[in-house]
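Chemist: Supplied structure: structure18.csv, CSV, C-alpha atoms.
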chain,number,residue,atom,x,y,z
A,1,MET,CA,77.9,159.3,54.0
A,2,VAL,CA,81.3,157.6,54.1
A,3,THR,CA,83.9,158.9,51.6
A,4,MET,CA,87.0,156.9,50.8
A,5,SER,CA,89.1,159.3,52.9
A,6,SER,CA,86.9,159.0,55.9
A,7,PHE,CA,86.4,155.2,55.7
A,8,SER,CA,89.0,154.2,58.3
A,9,THR,CA,87.8,157.0,60.7
A,10,ALA,CA,84.2,155.6,60.4
A,11,LEU,CA,85.5,152.1,61.3
A,12,ASP,CA,87.3,153.4,64.3
A,13,SER,CA,84.4,155.5,65.5
A,14,SER,CA,81.9,152.6,65.2
A,15,MET,CA,84.1,150.6,67.6
A,16,GLN,CA,83.2,147.5,65.6
A,17,LEU,CA,84.9,145.7,62.7
A,18,PHE,CA,82.9,143.5,60.4
A,19,GLU,CA,84.1,140.4,58.5
A,20,TYR,CA,82.7,141.5,55.2
A,21,TYR,CA,82.1,144.9,53.5
A,22,MET,CA,80.0,145.7,50.5
A,23,ALA,CA,79.8,149.2,49.0
A,24,LEU,CA,77.8,151.5,46.8
A,25,ILE,CA,79.6,154.0,44.6
A,26,VAL,CA,77.5,157.2,44.2
A,27,ASP,CA,78.4,160.7,42.9
A,28,ARG,CA,75.9,162.8,44.7
A,29,VAL,CA,74.4,163.0,48.2
A,30,GLU,CA,70.9,162.7,46.6
A,31,ASP,CA,71.9,159.3,45.1
A,32,TYR,CA,72.9,158.1,48.5
A,33,GLN,CA,69.7,159.3,50.1
A,34,ALA,CA,67.6,157.7,47.4
A,35,LEU,CA,69.4,154.4,47.7
A,36,THR,CA,69.4,154.0,51.5
A,37,TRP,CA,66.6,151.3,51.0
A,38,LEU,CA,69.1,149.2,49.0
A,39,MET,CA,71.7,149.4,51.8
A,40,ASP,CA,69.1,148.6,54.4
A,41,TYR,CA,67.9,145.6,52.3
A,42,TRP,CA,71.4,144.1,52.0
A,43,GLN,CA,72.1,144.8,55.6
A,44,ASP,CA,68.9,143.2,56.8
A,45,ASN,CA,69.4,140.1,54.6
A,46,ALA,CA,73.0,139.7,55.8
A,47,GLU,CA,71.9,139.8,59.4
A,48,ALA,CA,69.0,137.4,58.7
A,49,MET,CA,71.6,134.9,57.3
A,50,GLY,CA,73.9,135.4,60.2
A,51,GLU,CA,76.6,137.2,58.1
A,52,ASP,CA,78.9,139.7,59.7
A,53,MET,CA,78.6,142.3,56.9
A,54,ARG,CA,78.3,146.0,56.5
A,55,TYR,CA,77.1,147.8,53.4
A,56,LEU,CA,78.6,151.3,53.0
A,57,PRO,CA,78.3,154.2,50.5
A,58,PHE,CA,81.4,155.5,48.8
A,59,ARG,CA,80.9,158.9,47.4
A,60,VAL,CA,83.1,159.5,44.3
A,61,GLU,CA,82.5,163.1,43.1
A,62,HIS,CA,84.3,162.9,39.8
A,63,ALA,CA,84.8,160.1,37.2
A,64,ASP,CA,88.6,160.8,37.3
A,65,LYS,CA,88.6,159.5,40.9
A,66,LEU,CA,87.0,156.1,40.0
A,67,GLY,CA,90.3,154.3,39.7
A,68,GLU,CA,91.3,155.4,43.2
A,69,ALA,CA,88.0,154.4,44.6
A,70,ILE,CA,88.1,150.9,43.0
A,71,GLU,CA,91.7,150.4,44.1
A,72,GLY,CA,90.9,151.6,47.6
A,73,ALA,CA,87.9,149.3,47.9
A,74,TYR,CA,90.1,146.4,46.9
A,75,GLU,CA,92.8,147.3,49.4
A,76,LEU,CA,90.0,147.6,52.1
A,77,ASN,CA,89.0,144.0,51.2
A,78,VAL,CA,85.5,145.1,50.0
A,79,LEU,CA,83.9,142.0,48.5
A,80,GLY,CA,81.5,143.7,46.1
A,81,LEU,CA,80.2,147.1,45.0
A,82,ASN,CA,77.1,148.4,43.3
A,83,VAL,CA,77.7,151.3,40.8
A,84,THR,CA,75.1,154.0,40.1
A,85,VAL,CA,74.6,156.4,37.2
A,86,PRO,CA,76.7,158.2,35.9
A,87,TYR,CA,79.6,155.7,36.5
A,88,LYS,CA,78.2,152.5,35.0
A,89,SER,CA,80.3,152.9,31.9
A,90,ASP,CA,83.1,155.0,33.3
A,91,VAL,CA,84.1,152.3,35.8
A,92,ILE,CA,84.9,149.7,33.1
A,93,PRO,CA,88.5,150.6,32.4
A,94,TYR,CA,89.3,150.1,36.1
A,95,LEU,CA,88.1,146.5,36.2
A,96,LYS,CA,90.3,143.4,36.2
A,97,GLU,CA,87.6,141.4,34.3
A,98,ILE,CA,84.2,142.1,32.7
A,99,ASP,CA,81.4,139.6,32.1
A,100,PRO,CA,80.7,139.2,28.3
A,101,LEU,CA,77.1,140.4,28.7
A,102,ALA,CA,78.2,143.6,30.5
A,103,GLU,CA,80.8,144.2,27.9
A,104,ARG,CA,78.2,143.9,25.2
A,105,ILE,CA,75.9,146.3,27.0
A,106,GLY,CA,78.8,148.7,27.8
A,107,ALA,CA,77.8,149.2,31.4
A,108,VAL,CA,78.2,147.5,34.7
A,109,ASN,CA,76.2,147.9,38.0
A,110,THR,CA,77.7,145.2,40.1
A,111,LEU,CA,81.4,144.6,40.9
A,112,VAL,CA,82.6,141.3,42.5
A,113,ARG,CA,86.0,140.9,44.0
A,114,CYS,CA,88.3,138.6,42.1
A,115,GLU,CA,92.0,138.0,42.1
A,116,GLY,CA,93.7,141.3,41.6
A,117,GLY,CA,90.7,143.5,41.4
A,118,PHE,CA,87.0,143.4,40.5
A,119,LYS,CA,84.9,141.7,37.8
A,120,GLY,CA,82.0,143.8,36.4
A,121,TYR,CA,78.5,142.5,35.7
A,122,ASN,CA,75.3,144.1,34.5
A,123,THR,CA,72.3,142.6,36.3
A,124,ASP,CA,69.7,144.9,34.7
A,125,MET,CA,69.0,142.7,31.7
A,126,PRO,CA,68.8,139.3,33.5
A,127,GLY,CA,66.8,140.9,36.3
A,128,LEU,CA,64.2,142.3,34.0
A,129,HIS,CA,63.9,139.0,32.2
A,130,ARG,CA,63.5,137.0,35.4
A,131,ALA,CA,60.9,139.4,36.7
A,132,LEU,CA,58.9,139.1,33.4
A,133,THR,CA,59.2,135.3,33.5
A,134,GLU,CA,58.2,135.1,37.2
A,135,ASP,CA,55.1,137.2,36.4
A,136,GLY,CA,54.2,134.8,33.5
A,137,VAL,CA,54.9,137.3,30.7
A,138,ASN,CA,56.1,135.5,27.6
A,139,ILE,CA,57.8,138.0,25.2
A,140,GLU,CA,59.0,135.5,22.6
A,141,GLY,CA,57.5,136.5,19.2
A,142,GLU,CA,55.7,139.5,20.7
A,143,ASP,CA,56.0,143.1,19.5
A,144,VAL,CA,57.3,145.4,22.3
A,145,ILE,CA,57.5,149.2,22.8
A,146,VAL,CA,60.4,150.6,24.7
A,147,LEU,CA,60.1,154.1,26.1
A,148,GLY,CA,63.4,156.0,26.1
A,149,ALA,CA,66.9,155.4,24.6
A,150,GLY,CA,69.3,155.7,27.5
A,151,GLY,CA,71.5,153.0,29.0
A,152,ALA,CA,68.7,151.0,30.6
A,153,ALA,CA,66.7,151.1,27.4
A,154,ARG,CA,69.7,149.9,25.5
A,155,ALA,CA,70.1,146.9,27.9
A,156,VAL,CA,66.3,146.2,27.6
A,157,CYS,CA,66.5,146.2,23.8
A,158,MET,CA,69.4,143.8,23.9
A,159,MET,CA,67.5,141.5,26.2
A,160,LEU,CA,64.4,141.6,24.0
A,161,ALA,CA,66.4,140.8,20.9
A,162,ASP,CA,68.2,137.9,22.7
A,163,LYS,CA,64.9,136.5,23.8
A,164,GLY,CA,63.3,136.5,20.4
A,165,VAL,CA,60.7,139.2,20.4
A,166,GLY,CA,58.9,140.0,17.2
A,167,ARG,CA,59.6,143.7,16.8
A,168,VAL,CA,60.9,146.4,19.1
A,169,TYR,CA,59.7,149.9,18.8
A,170,ILE,CA,61.9,152.5,20.5
A,171,MET,CA,60.0,155.7,21.4
A,172,ASN,CA,62.4,158.6,22.4
A,173,ARG,CA,62.4,162.4,22.2
A,174,ALA,CA,65.7,162.4,20.3
A,175,LEU,CA,65.4,160.3,17.1
A,176,GLU,CA,69.2,159.8,16.9
A,177,ARG,CA,69.5,158.0,20.2
A,178,GLY,CA,66.8,155.6,19.5
A,179,LYS,CA,68.2,155.0,16.0
A,180,ALA,CA,71.6,154.3,17.4
A,181,ILE,CA,70.3,151.5,19.6
A,182,ALA,CA,68.3,150.1,16.8
A,183,ASP,CA,71.3,150.1,14.5
A,184,GLU,CA,73.5,148.5,17.1
A,185,ILE,CA,71.1,145.7,17.8
A,186,ASN,CA,70.0,145.0,14.2
Rewrite the coordinates I just gave you, this time as structure tokens.
Modeler:
Amino acid sequence: MVTMSSFSTALDSSMQLFEYYMALIVDRVEDYQALTWLMDYWQDNAEAMGEDMRYLPFRVEHADKLGEAIEGAYELNVLGLNVTVPYKSDVIPYLKEIDPLAERIGAVNTLVRCEGGFKGYNTDMPGLHRALTEDGVNIEGEDVIVLGAGGAARAVCMMLADKGVGRVYIMNRALERGKAIADEIN
């Protein structure tokens, strides 16, 4: 695990500098351990394309340190970051720009370096739609059940509404959360 404070030490100890750096912002060691497959995936793809890139985790233990982490990543010339729960909404005030879709969803999971900072995107909704389309699932006009009413369910419900489904039924333990999503989208 590389924290912001130990990043330069890790670079020195590896005896190798890379042309590009990508990062993952996590808040717990368990998140890092669960997402090592993602870092390996990006690393393997970069190497296969001949890119001189390294994908590193940045552990940010508290939301009040997100601004410092984002600023530090920019100063270290990090080209992009992935953001995990619980920071997908908390990181927004520290962005230079935000994609309109991500702004509407109220959460980002991908940050891309831009002039003066990072631009935030949410890839959950487009990713789900692409996966459905590639598998031949046509949702237009169909009735759909969504299980849960968290951030991902909110994004899914927005995508479903945007793509013209018939009705969306939100099933959740807490009625208020499901109703809040329905009220927002309707």
Chemist: Could you list as a VMD selection string every residue that has an atom within 12 Å of (65.4, 145.2, 25.0), using the file's coordinates and counting all atoms listed in the file?
Modeler: chain A and resid 105 124 to 126 128 to 129 139 to 140 143 to 170 178 181 to 182 184 to 186
Chemist: So, with all atoms listed in the file as the atoms that count, which of A:Ala174, A:Lys88, A:Leu81, A:Glu134 lies closest to A:Thr110?
Modeler: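 Of all the options, A:Leu81 lies closest to A:Thr110.
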Chemist: Around (78.8, 163.5, 39.7), as given in the file, which residues come within 7 Å? Count only C-alpha atoms and list them as a list in words.
Modeler: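 Nearby residues: Asp27, Arg28, Glu61, His62 and Pro86 of chain A.
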Chemist: What is the atom CA of A:Asn122-atom CA of A:Asn109 distance in Å, reported with one decimal?
Modeler: 5.2 Å
Chemist: What's the separation between atom CA of A:Glu47 and atom CA of A:Ala69, in Å to one decimal place?
Modeler: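 It comes out at 26.3 Å.
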Chemist: So that I can check the surroundings of A:Phe118, please list as an NGL selection string every protein, DNA and RNA residue that reaches within 7 Å of it, counting all atoms listed in the file and ignoring chain neighbours fewer than 3 positions away.
Modeler: :A and (95-97 or 111-114)
Chemist: For atom CA of A:Pro100 and atom CA of A:Asp64, quote the distance in Å rounded to one decimal.
Modeler: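 It comes out at 24.7 Å.
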Chemist: Which residue out of A:Ala23, A:Val137, A:Ala107, A:Leu175 has the minimum interatomic distance to A:Leu56 when all atoms listed in the file are used?
Modeler: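 When distances to A:Leu56 are compared using all atoms listed in the file, the smallest one comes from A:Ala23.
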Chemist: Taking only N, CA and C atoms, show stretch 127-150 of chain A of the given structure as a JSON list (two decimals), in the first residue's frame.
Modeler:
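Saved file selection_22.json follows:
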[["chain", "number", "residue", "atom", "x", "y", "z"],
["A", 127, "GLY", "N", -21.20, 1.95, -18.62],
["A", 127, "GLY", "CA", -20.65, 0.60, -18.62],
["A", 127, "GLY", "C", -21.73, -0.46, -18.54],
["A", 128, "LEU", "N", -22.72, -0.24, -17.70],
["A", 128, "LEU", "CA", -23.82, -1.20, -17.61],
["A", 128, "LEU", "C", -24.60, -1.25, -18.92],
["A", 129, "HIS", "N", -24.89, -0.10, -19.48],
["A", 129, "HIS", "CA", -25.64, -0.08, -20.74],
["A", 129, "HIS", "C", -24.87, -0.80, -21.85],
["A", 130, "ARG", "N", -23.59, -0.55, -21.94],
["A", 130, "ARG", "CA", -22.77, -1.22, -22.95],
["A", 130, "ARG", "C", -22.79, -2.74, -22.76],
["A", 131, "ALA", "N", -22.66, -3.17, -21.50],
["A", 131, "ALA", "CA", -22.67, -4.61, -21.23],
["A", 131, "ALA", "C", -24.01, -5.23, -21.63],
["A", 132, "LEU", "N", -25.11, -4.56, -21.30],
["A", 132, "LEU", "CA", -26.42, -5.08, -21.69],
["A", 132, "LEU", "C", -26.54, -5.16, -23.20],
["A", 133, "THR", "N", -26.13, -4.09, -23.88],
["A", 133, "THR", "CA", -26.22, -4.03, -25.34],
["A", 133, "THR", "C", -25.37, -5.13, -25.98],
["A", 134, "GLU", "N", -24.14, -5.29, -25.50],
["A", 134, "GLU", "CA", -23.26, -6.32, -26.06],
["A", 134, "GLU", "C", -23.81, -7.72, -25.87],
["A", 135, "ASP", "N", -24.59, -7.92, -24.79],
["A", 135, "ASP", "CA", -25.19, -9.23, -24.54],
["A", 135, "ASP", "C", -26.55, -9.39, -25.21],
["A", 136, "GLY", "N", -26.93, -8.39, -26.02],
["A", 136, "GLY", "CA", -28.17, -8.48, -26.77],
["A", 136, "GLY", "C", -29.43, -8.19, -25.96],
["A", 137, "VAL", "N", -29.27, -7.56, -24.81],
["A", 137, "VAL", "CA", -30.42, -7.24, -23.97],
["A", 137, "VAL", "C", -30.96, -5.87, -24.37],
["A", 138, "ASN", "N", -32.20, -5.84, -24.85],
["A", 138, "ASN", "CA", -32.86, -4.60, -25.23],
["A", 138, "ASN", "C", -33.80, -4.21, -24.09],
["A", 139, "ILE", "N", -33.55, -3.08, -23.45],
["A", 139, "ILE", "CA", -34.36, -2.68, -22.30],
["A", 139, "ILE", "C", -35.45, -1.68, -22.67],
["A", 140, "GLU", "N", -35.41, -1.13, -23.86],
["A", 140, "GLU", "CA", -36.40, -0.13, -24.25],
["A", 140, "GLU", "C", -37.81, -0.70, -24.15],
["A", 141, "GLY", "N", -38.67, 0.01, -23.41],
["A", 141, "GLY", "CA", -40.05, -0.40, -23.24],
["A", 141, "GLY", "C", -40.27, -1.53, -22.25],
["A", 142, "GLU", "N", -39.21, -2.11, -21.72],
["A", 142, "GLU", "CA", -39.33, -3.23, -20.78],
["A", 142, "GLU", "C", -39.52, -2.74, -19.35],
["A", 143, "ASP", "N", -40.21, -3.53, -18.52],
["A", 143, "ASP", "CA", -40.31, -3.25, -17.10],
["A", 143, "ASP", "C", -39.10, -3.90, -16.42],
["A", 144, "VAL", "N", -38.51, -3.19, -15.46],
["A", 144, "VAL", "CA", -37.26, -3.63, -14.84],
["A", 144, "VAL", "C", -37.38, -3.53, -13.32],
["A", 145, "ILE", "N", -36.81, -4.50, -12.63],
["A", 145, "ILE", "CA", -36.73, -4.45, -11.17],
["A", 145, "ILE", "C", -35.29, -4.15, -10.79],
["A", 146, "VAL", "N", -35.09, -3.16, -9.93],
["A", 146, "VAL", "CA", -33.77, -2.80, -9.41],
["A", 146, "VAL", "C", -33.75, -3.16, -7.93],
["A", 147, "LEU", "N", -32.76, -3.95, -7.53],
["A", 147, "LEU", "CA", -32.63, -4.35, -6.14],
["A", 147, "LEU", "C", -31.66, -3.40, -5.44],
["A", 148, "GLY", "N", -32.15, -2.70, -4.43],
["A", 148, "GLY", "CA", -31.33, -1.77, -3.68],
["A", 148, "GLY", "C", -31.61, -0.33, -4.07],
["A", 149, "ALA", "N", -31.15, 0.59, -3.23],
["A", 149, "ALA", "CA", -31.39, 2.01, -3.48],
["A", 149, "ALA", "C", -30.17, 2.84, -3.07],
["A", 150, "GLY", "N", -28.98, 2.26, -3.26],
["A", 150, "GLY", "CA", -27.75, 3.00, -2.98],
["A", 150, "GLY", "C", -27.30, 3.79, -4.20]]
